[in-house]
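Student: Coordinates in run_8.csv, CSV, C-alpha atoms, are listed below.
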```csv
chain,number,residue,atom,x,y,z
A,1,MET,CA,71.2,-45.6,56.6
A,2,LEU,CA,71.4,-47.5,53.4
A,3,PRO,CA,70.9,-51.1,54.8
A,4,TYR,CA,67.6,-49.8,56.4
A,5,LEU,CA,66.5,-48.5,53.0
A,6,ASN,CA,67.5,-51.4,50.9
A,7,GLU,CA,67.8,-54.6,52.9
A,8,GLU,CA,66.5,-54.4,56.5
A,9,PHE,CA,62.8,-54.0,55.5
A,10,GLY,CA,61.3,-55.5,58.7
A,11,ASN,CA,58.8,-53.5,60.7
A,12,PRO,CA,60.4,-52.9,64.1
A,13,SER,CA,57.1,-53.5,65.9
A,14,SER,CA,56.9,-57.1,64.4
A,15,ILE,CA,58.0,-60.1,66.4
A,16,HIS,CA,59.7,-61.9,63.5
A,17,SER,CA,63.4,-61.9,63.0
A,18,TYR,CA,63.3,-59.2,60.3
A,19,GLY,CA,61.5,-56.8,62.6
A,20,ARG,CA,63.7,-57.7,65.6
A,21,ARG,CA,66.9,-56.8,63.8
A,22,VAL,CA,65.5,-53.3,63.0
A,23,ARG,CA,64.2,-53.0,66.6
A,24,VAL,CA,67.7,-53.7,68.0
A,25,ALA,CA,69.2,-51.0,65.7
A,26,ILE,CA,66.6,-48.4,66.9
A,27,GLU,CA,67.2,-49.2,70.5
A,28,GLU,CA,71.0,-48.8,70.0
A,29,ALA,CA,70.3,-45.4,68.4
A,30,ARG,CA,68.1,-44.5,71.4
A,31,GLU,CA,71.1,-45.3,73.7
A,32,THR,CA,73.4,-43.2,71.5
A,33,ALA,CA,71.1,-40.2,71.8
A,34,ALA,CA,70.5,-40.6,75.5
A,35,GLU,CA,74.2,-40.9,76.3
A,36,PHE,CA,74.9,-37.7,74.3
A,37,ILE,CA,72.8,-35.6,76.6
A,38,ASN,CA,73.3,-37.6,79.9
A,39,ALA,CA,69.8,-39.1,79.8
A,40,ASP,CA,68.4,-42.6,80.1
A,41,PRO,CA,67.4,-44.4,76.9
A,42,SER,CA,63.8,-44.7,78.2
A,43,GLU,CA,63.6,-40.9,78.2
A,44,ILE,CA,64.2,-40.6,74.5
A,45,TYR,CA,61.3,-40.6,72.0
A,46,PHE,CA,61.8,-40.4,68.2
A,47,VAL,CA,59.5,-38.2,66.3
A,48,SER,CA,59.2,-36.8,62.7
A,49,ASN,CA,60.9,-33.4,63.1
A,50,GLY,CA,61.7,-30.4,65.4
A,51,THR,CA,58.2,-29.0,65.1
A,52,GLU,CA,56.6,-32.2,66.4
A,53,ALA,CA,59.4,-32.4,69.0
A,54,ASN,CA,58.2,-29.1,70.4
A,55,ASN,CA,54.4,-29.7,70.0
A,56,PHE,CA,54.5,-33.1,71.7
A,57,PRO,CA,55.9,-32.2,75.1
A,58,ILE,CA,54.4,-28.7,75.3
A,59,LEU,CA,50.8,-29.9,74.6
A,60,GLY,CA,51.4,-33.2,76.4
A,61,ILE,CA,52.7,-31.7,79.6
A,62,ALA,CA,50.3,-28.8,79.8
A,63,LYS,CA,47.2,-31.0,79.3
A,64,THR,CA,48.3,-33.8,81.6
A,65,VAL,CA,49.2,-31.4,84.5
A,66,TYR,CA,45.9,-29.6,84.0
A,67,ASN,CA,43.9,-32.9,84.2
A,68,GLU,CA,45.8,-33.9,87.3
A,69,SER,CA,45.9,-30.6,89.2
A,70,ARG,CA,43.9,-28.0,87.3
A,71,LYS,CA,47.0,-25.8,87.0
A,72,SER,CA,46.5,-23.7,83.8
A,73,ASN,CA,49.2,-21.0,83.7
A,74,ILE,CA,51.9,-21.6,81.0
A,75,ILE,CA,54.9,-19.3,80.2
A,76,THR,CA,57.0,-18.9,77.1
A,77,SER,CA,59.0,-16.0,75.5
A,78,SER,CA,58.3,-13.7,72.6
A,79,ILE,CA,61.3,-14.9,70.6
A,80,GLU,CA,60.4,-18.6,70.4
A,81,HIS,CA,60.2,-20.6,67.2
A,82,THR,CA,56.7,-20.3,65.6
A,83,CYS,CA,55.9,-23.9,66.4
A,84,VAL,CA,56.2,-23.1,70.1
A,85,LEU,CA,54.3,-19.9,69.9
A,86,GLU,CA,51.5,-21.5,68.0
A,87,SER,CA,51.4,-24.4,70.4
A,88,PHE,CA,50.8,-21.9,73.2
A,89,GLU,CA,48.1,-20.2,71.0
A,90,HIS,CA,46.4,-23.5,70.7
A,91,LEU,CA,46.5,-24.1,74.4
A,92,SER,CA,45.1,-20.6,75.0
A,93,SER,CA,42.1,-21.5,72.8
A,94,LEU,CA,41.5,-24.4,75.1
A,95,GLY,CA,41.3,-22.1,78.1
A,96,PHE,CA,45.0,-22.1,79.3
A,97,ASN,CA,46.4,-18.8,80.6
A,98,SER,CA,49.4,-18.2,78.3
A,99,LYS,CA,51.9,-15.6,79.4
A,100,ILE,CA,54.6,-14.3,76.9
A,101,ILE,CA,57.8,-12.8,78.3
A,102,ASP,CA,59.1,-9.8,76.3
A,103,VAL,CA,62.8,-9.8,75.7
A,104,ALA,CA,65.4,-7.1,75.7
A,105,ASP,CA,67.4,-6.1,72.6
A,106,GLU,CA,69.9,-8.8,73.4
A,107,CYS,CA,67.2,-11.4,72.7
A,108,ILE,CA,67.4,-13.3,76.0
A,109,VAL,CA,64.9,-14.0,78.8
A,110,LYS,CA,65.6,-12.0,81.9
A,111,ILE,CA,65.3,-14.1,85.1
A,112,ASP,CA,63.6,-11.3,87.0
A,113,LYS,CA,61.0,-10.8,84.3
A,114,LEU,CA,60.3,-14.6,84.4
A,115,ASN,CA,60.1,-14.7,88.2
A,116,SER,CA,57.6,-11.8,88.2
A,117,ILE,CA,55.0,-13.8,86.2
A,118,ILE,CA,55.4,-17.2,87.9
A,119,SER,CA,52.5,-18.1,90.1
A,120,ASN,CA,51.2,-21.1,92.1
A,121,ASP,CA,49.1,-21.9,89.1
A,122,THR,CA,52.1,-22.2,86.7
A,123,SER,CA,52.6,-25.7,85.3
A,124,LEU,CA,54.9,-25.3,82.3
A,125,ILE,CA,57.7,-22.9,81.2
A,126,SER,CA,59.1,-23.3,77.6
A,127,ILE,CA,62.2,-21.3,76.8
A,128,ILE,CA,64.4,-21.7,73.7
A,129,HIS,CA,68.0,-22.7,74.3
A,130,VAL,CA,69.6,-21.0,71.4
A,131,ASN,CA,67.5,-18.6,69.3
A,132,ASN,CA,67.3,-19.9,65.7
A,133,GLU,CA,67.4,-16.4,64.2
A,134,THR,CA,70.0,-14.5,66.3
A,135,GLY,CA,72.0,-17.1,68.0
A,136,SER,CA,71.4,-15.7,71.5
A,137,VAL,CA,71.7,-18.2,74.3
A,138,ASN,CA,69.4,-18.5,77.3
A,139,ASN,CA,70.6,-19.6,80.7
A,140,LEU,CA,68.5,-22.6,81.4
A,141,GLU,CA,70.3,-23.6,84.5
A,142,SER,CA,69.3,-20.3,86.1
A,143,ILE,CA,65.7,-20.8,85.0
A,144,SER,CA,65.6,-24.3,86.4
A,145,LYS,CA,67.1,-23.1,89.7
A,146,LEU,CA,64.4,-20.4,89.9
A,147,CYS,CA,61.8,-23.2,89.7
A,148,SER,CA,63.6,-25.8,91.7
A,149,ASP,CA,61.3,-25.5,94.7
A,150,LYS,CA,58.2,-25.2,92.6
A,151,GLU,CA,56.2,-27.9,90.8
A,152,ILE,CA,56.9,-26.4,87.4
A,153,TYR,CA,58.0,-28.3,84.3
A,154,ILE,CA,60.6,-26.8,82.0
A,155,HIS,CA,60.8,-27.5,78.3
A,156,THR,CA,63.5,-26.2,76.0
A,157,ASP,CA,63.6,-26.0,72.2
A,158,ALA,CA,67.2,-27.2,71.6
A,159,VAL,CA,66.8,-27.8,67.9
A,160,GLN,CA,69.5,-25.1,67.2
A,161,SER,CA,72.0,-26.1,69.9
A,162,PHE,CA,71.8,-30.0,69.8
A,163,GLY,CA,75.0,-31.4,68.4
A,164,LYS,CA,76.8,-28.0,68.3
A,165,ILE,CA,77.3,-27.3,72.0
A,166,ASP,CA,77.4,-29.5,75.1
A,167,ILE,CA,74.0,-30.4,76.5
A,168,ASP,CA,73.6,-32.2,79.9
A,169,VAL,CA,69.9,-32.4,80.7
A,170,LYS,CA,70.7,-33.2,84.4
A,171,LYS,CA,72.9,-30.1,84.8
A,172,MET,CA,70.4,-28.0,83.0
A,173,GLY,CA,67.6,-29.2,85.2
A,174,ILE,CA,65.1,-29.4,82.5
A,175,HIS,CA,62.2,-31.9,82.0
A,176,SER,CA,61.9,-32.0,78.3
A,177,LEU,CA,63.9,-31.1,75.2
A,178,SER,CA,63.5,-31.1,71.4
A,179,ALA,CA,66.1,-31.8,68.7
A,180,SER,CA,66.2,-32.4,65.0
A,181,ALA,CA,68.7,-34.4,63.0
A,182,HIS,CA,69.2,-32.1,60.1
A,183,LYS,CA,70.7,-29.4,62.3
A,184,LEU,CA,73.8,-31.6,62.8
A,185,HIS,CA,74.1,-32.8,59.2
A,186,GLY,CA,71.7,-35.8,59.7
A,187,PRO,CA,68.7,-36.7,57.6
A,188,LYS,CA,65.7,-34.4,57.3
A,189,GLY,CA,62.4,-35.6,58.7
A,190,ILE,CA,63.5,-37.1,62.0
A,191,GLY,CA,63.7,-35.5,65.4
A,192,LEU,CA,63.7,-36.5,69.1
A,193,VAL,CA,62.2,-35.6,72.4
A,194,TYR,CA,63.8,-36.0,75.8
A,195,ALA,CA,61.3,-36.3,78.5
A,196,LYS,CA,62.6,-36.8,82.0
A,197,SER,CA,61.3,-39.9,83.8
A,198,GLY,CA,58.2,-39.1,85.8
A,199,THR,CA,57.3,-36.1,83.6
A,200,PRO,CA,53.5,-36.2,83.0
A,201,LEU,CA,53.2,-36.4,79.2
A,202,SER,CA,50.1,-37.5,77.3
A,203,GLN,CA,50.3,-38.9,73.8
A,204,MET,CA,49.6,-36.7,70.8
A,205,ILE,CA,49.4,-39.4,68.0
A,206,PHE,CA,46.9,-42.2,68.7
A,207,GLY,CA,46.5,-45.6,67.2
A,208,GLY,CA,49.8,-47.3,67.9
A,209,SER,CA,51.8,-48.5,70.8
A,210,GLN,CA,55.2,-47.3,69.5
A,211,GLU,CA,57.5,-45.2,71.6
A,212,ARG,CA,56.1,-46.6,74.8
A,213,ASN,CA,52.5,-45.8,73.9
A,214,ARG,CA,53.2,-42.1,73.6
A,215,ARG,CA,53.9,-41.6,69.9
A,216,GLY,CA,52.0,-44.0,67.7
A,217,GLY,CA,53.1,-44.9,64.2
A,218,THR,CA,55.7,-47.1,62.5
A,219,GLU,CA,59.2,-45.7,63.2
A,220,PHE,CA,61.3,-44.2,60.4
A,221,ALA,CA,64.1,-46.7,61.0
A,222,ALA,CA,66.6,-45.3,58.4
A,223,GLY,CA,66.1,-41.8,59.7
A,224,ILE,CA,66.6,-42.9,63.3
A,225,ILE,CA,69.8,-44.8,62.4
A,226,GLY,CA,71.0,-41.7,60.4
A,227,PHE,CA,70.3,-39.4,63.4
A,228,ALA,CA,72.3,-41.7,65.7
A,229,GLU,CA,75.2,-41.7,63.2
A,230,ALA,CA,75.1,-37.9,63.0
A,231,ILE,CA,75.2,-37.8,66.8
A,232,ARG,CA,78.2,-40.1,66.9
A,233,ILE,CA,80.1,-37.9,64.4
A,234,ALA,CA,79.1,-34.7,66.3
A,235,LYS,CA,80.3,-36.1,69.6
A,236,THR,CA,83.8,-36.6,68.2
A,237,GLU,CA,84.0,-33.3,66.3
A,238,MET,CA,81.8,-30.9,68.3
A,239,ASP,CA,84.6,-28.9,70.1
A,240,ASP,CA,86.8,-28.6,67.0
A,241,ASN,CA,83.8,-27.6,64.8
A,242,PHE,CA,82.7,-25.0,67.3
A,243,GLU,CA,86.1,-23.3,67.3
A,244,SER,CA,86.3,-23.4,63.6
A,245,VAL,CA,82.9,-21.9,63.1
A,246,ARG,CA,83.6,-19.3,65.9
A,247,GLN,CA,86.6,-18.2,63.8
A,248,LEU,CA,84.5,-18.0,60.7
A,249,ARG,CA,81.9,-15.9,62.4
A,250,LYS,CA,84.5,-13.6,63.8
A,251,TYR,CA,86.0,-13.2,60.3
A,252,PHE,CA,82.6,-12.6,58.8
A,253,ILE,CA,81.9,-9.8,61.3
A,254,ASN,CA,85.3,-8.2,60.8
A,255,ALA,CA,84.9,-8.4,57.0
A,256,ILE,CA,81.6,-6.6,57.2
A,257,GLU,CA,82.9,-4.0,59.6
A,258,GLN,CA,86.0,-3.3,57.6
A,259,SER,CA,84.0,-3.0,54.3
A,260,SER,CA,82.3,0.2,53.1
A,261,LEU,CA,78.9,-1.1,54.2
A,262,GLN,CA,77.0,1.5,56.2
A,263,ASN,CA,73.8,1.9,58.2
A,264,TYR,CA,73.4,-1.6,59.4
A,265,SER,CA,73.5,-3.4,62.8
A,266,ILE,CA,74.6,-6.9,63.7
A,267,ASN,CA,72.1,-8.6,65.9
A,268,CYS,CA,73.4,-10.3,69.1
A,269,LYS,CA,77.0,-9.6,67.9
A,270,ASP,CA,78.5,-10.8,71.1
A,271,SER,CA,76.6,-14.1,71.2
A,272,SER,CA,78.7,-17.1,72.3
A,273,PHE,CA,76.9,-19.2,69.7
A,274,PRO,CA,78.8,-18.9,66.4
A,275,TYR,CA,76.6,-20.8,64.0
A,276,ILE,CA,74.3,-17.9,63.2
A,277,LEU,CA,74.9,-14.4,62.0
A,278,SER,CA,72.0,-12.0,61.7
A,279,PHE,CA,72.2,-8.3,60.7
A,280,THR,CA,69.7,-5.6,59.8
A,281,PHE,CA,69.8,-2.9,57.2
A,282,ASP,CA,68.5,0.4,58.7
A,283,SER,CA,65.2,1.2,57.1
A,284,ASN,CA,65.9,4.9,57.3
A,285,PHE,CA,68.5,4.4,54.6
A,286,TYR,CA,67.4,1.3,52.7
A,287,LYS,CA,64.3,0.3,50.8
A,288,ASN,CA,64.0,-2.9,52.7
A,289,ASP,CA,62.3,-5.7,50.8
A,290,SER,CA,62.8,-9.3,52.1
A,291,GLU,CA,61.7,-11.0,48.9
A,292,ALA,CA,63.9,-8.9,46.6
A,293,MET,CA,66.9,-9.0,48.9
A,294,LEU,CA,66.8,-12.8,49.2
A,295,MET,CA,66.2,-13.2,45.5
A,296,PHE,CA,69.3,-11.0,44.8
A,297,LEU,CA,71.4,-13.2,47.1
A,298,ASP,CA,69.9,-16.4,45.6
A,299,ILE,CA,70.7,-15.3,42.0
A,300,ASN,CA,74.3,-14.9,43.2
A,301,GLY,CA,74.4,-18.4,44.7
A,302,ILE,CA,74.0,-17.4,48.3
A,303,ALA,CA,71.5,-19.2,50.5
A,304,ALA,CA,70.1,-17.0,53.3
A,305,SER,CA,66.8,-16.2,55.0
A,306,ASN,CA,65.1,-13.3,56.7
A,307,GLY,CA,64.0,-15.5,59.6
A,308,ALA,CA,63.4,-19.1,60.5
A,309,ALA,CA,63.6,-21.4,57.5
A,310,CYS,CA,60.2,-22.9,58.4
A,311,THR,CA,58.6,-19.5,57.9
A,312,SER,CA,60.8,-17.7,55.5
A,313,GLY,CA,58.7,-18.9,52.6
A,314,THR,CA,55.9,-16.6,53.9
A,315,LEU,CA,58.3,-13.6,53.8
A,316,LYS,CA,56.7,-12.1,56.8
A,317,PRO,CA,58.8,-9.8,58.9
A,318,SER,CA,60.6,-11.7,61.7
A,319,HIS,CA,58.7,-11.7,65.0
A,320,VAL,CA,62.0,-12.2,66.7
A,321,ILE,CA,63.5,-9.0,65.4
A,322,MET,CA,60.4,-7.0,66.1
A,323,ASN,CA,60.2,-8.3,69.6
A,324,MET,CA,63.8,-7.1,70.1
A,325,GLY,CA,62.4,-3.6,69.6
A,326,ARG,CA,63.0,-3.1,65.9
A,327,SER,CA,60.4,-1.8,63.5
A,328,LYS,CA,58.6,-3.9,60.9
A,329,GLU,CA,60.5,-2.0,58.2
A,330,ASP,CA,63.8,-3.0,59.9
A,331,ALA,CA,62.7,-6.6,60.2
A,332,LEU,CA,62.0,-6.7,56.5
A,333,GLY,CA,65.7,-5.8,56.0
A,334,THR,CA,67.1,-8.5,58.3
A,335,ILE,CA,69.2,-11.2,56.8
A,336,ARG,CA,70.2,-14.4,58.6
A,337,PHE,CA,73.2,-16.5,57.6
A,338,SER,CA,73.8,-20.0,59.0
A,339,LEU,CA,77.4,-21.1,59.2
A,340,SER,CA,78.9,-24.5,59.4
A,341,VAL,CA,82.4,-26.1,59.6
A,342,TYR,CA,82.1,-26.7,55.8
A,343,ASN,CA,82.0,-23.0,55.0
A,344,LYS,CA,85.3,-21.4,53.8
A,345,ILE,CA,86.8,-17.9,54.2
A,346,GLU,CA,86.6,-17.4,50.4
A,347,GLU,CA,82.8,-17.9,50.6
A,348,ILE,CA,82.6,-15.2,53.3
A,349,ASP,CA,84.6,-12.8,51.2
A,350,TYR,CA,82.3,-13.5,48.3
A,351,VAL,CA,79.2,-12.9,50.4
A,352,VAL,CA,80.5,-9.6,51.7
A,353,ASP,CA,81.2,-8.4,48.1
A,354,LYS,CA,77.6,-9.3,47.1
A,355,LEU,CA,76.2,-7.6,50.2
A,356,LEU,CA,77.9,-4.4,49.2
A,357,LEU,CA,76.3,-4.6,45.7
A,358,MET,CA,73.0,-5.3,47.3
A,359,ALA,CA,73.3,-2.4,49.7
A,360,ASN,CA,73.9,0.0,46.8
A,361,LYS,CA,70.9,-1.5,44.9
A,362,PHE,CA,68.5,-0.9,47.8
A,363,LYS,CA,69.7,2.4,49.0
A,364,LYS,CA,67.0,5.1,49.3
```
Step by step, read the file and then write its structure as structure tokens.
Tutor:
Amino acid sequence: MLPYLNEEFGNPSSIHSYGRRVRVAIEEARETAAEFINADPSEIYFVSNGTEANNFPILGIAKTVYNESRKSNIITSSIEHTCVLESFEHLSSLGFNSKIIDVADECIVKIDKLNSIISNDTSLISIIHVNNETGSVNNLESISKLCSDKEIYIHTDAVQSFGKIDIDVKKMGIHSLSASAHKLHGPKGIGLVYAKSGTPLSQMIFGGSQERNRRGGTEFAAGIIGFAEAIRIAKTEMDDNFESVRQLRKYFINAIEQSSLQNYSINCKDSSFPYILSFTFDSNFYKNDSEAMLMFLDINGIAASNGAACTSGTLKPSHVIMNMGRSKEDALGTIRFSLSVYNKIEEIDYVVDKLLLMANKFKK
């Protein structure tokens, strides 16, 4: 990234040589991102973050399809990231008929439930790929097969999975996808949208011709180049990293279960996605307090959250945990840990020791 912060100062939209050099680097980054998910470079749009990467296609597809065909039914699930749920709320305020699928305790969308609410007026389905709080994985191929003979567009929030597990947009049968660089150790403040060629998608930011007239504004060149480099690294290390983190999560679960910790449950314990571990203290036995629990962990040098990082600052009970059938009081005692290949066994042992101390502190 450094040359694009220090030396290559040209605006990529300019026609002079300084701008053209930056434009070439951005287009190379676009090719890297496209190849990574088996897409075409023209189907990749760079945006500012994962939140925009979800807002852009959800709003853009729903509004464009409605203008063309008057179809106004849109579907999502109750365990989506807040930026997806609030996009649907916004569309509802504009007159769209938003339908929210309830999930079971395993935090995945059941195909039969989805099928029961699809109608001839359905234009868009948005289902998260890997849940950002529990690590549960939705079967997008099954969802796309369900809609294969219908004129329905499928979006997925892949912010959590992009760069960690294999994604092939053609095999998945989806029309749009969101991703964010910092989830694969890239820079913060840069994301991307995959939008399949031919997908009706209106612009959300006006006043510029960048990103093929669909996302105005000068490109964050250094961020885009950093994102592409993170993708290149992830591509070579993804399988090894996955196995390493899988072993870490397995060790973490075993360490908790073999400890003296009692009256807790591990959420989505059997999830195939190892990068997240979420567990809940039973509110019948603990004085659950998200703020106090997270402060206790923080004082001991442990970074955790009680939900999505984007909303944990509000310290509201997790809507994901409550929509899995848990009480508000249980949700206030839910802790989420994010794991990476850079974590060590010794760190997990340390965390388990501190969790035992915390449990004793918060017992009723």
Student: As a VMD selection string, please: the residues near Ile143 in chain A (cut-off 9 Å, only C-alpha atoms, same-chain neighbours under 4 positions excluded).
Tutor: chain A and resid 111 114 to 115 127 138 to 139 147 to 148 154 172 to 174
Student: Which residues are close to Gly307 in chain A, i.e. within 12 Å by all atoms listed in the file, leaving aside same-chain residues fewer than 4 positions away? Reply as a PyMOL selection string.
Tutor: chain A and resi 79-82+131-135+276-280+290-291+294+311-322+331-338
Student: A:Asn67, A:Ser92, A:Asn300, A:Asn38: which is nearest Ile167 in chain A, counting only C-alpha atoms?
Tutor: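 Selected residue with least distance to Ile167 in chain A: A:Asn38.
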Student: Which residue is closest to Arg30 in chain A? Choose from A:Ala292, A:Leu192, A:Ile118, A:Ala234 and count only C-alpha atoms.
Tutor: A:Leu192
Student: Using Å and a single decimal, report how far CA of Ser14 in chain A sits from CA of Pro187 in chain A.
Tutor: 24.5 Å
Student: Determine, counting only C-alpha atoms, which protein, DNA and RNA residues have an atom within 8 Å of an atom of range 93-108 of chain A; residues of the same chain fewer than 4 positions away are not included. Present the result as a ChimeraX atom specification.
Tutor: /A:72-79,88-89,113-114,117,131,134,136-138,267-268,320,323-325
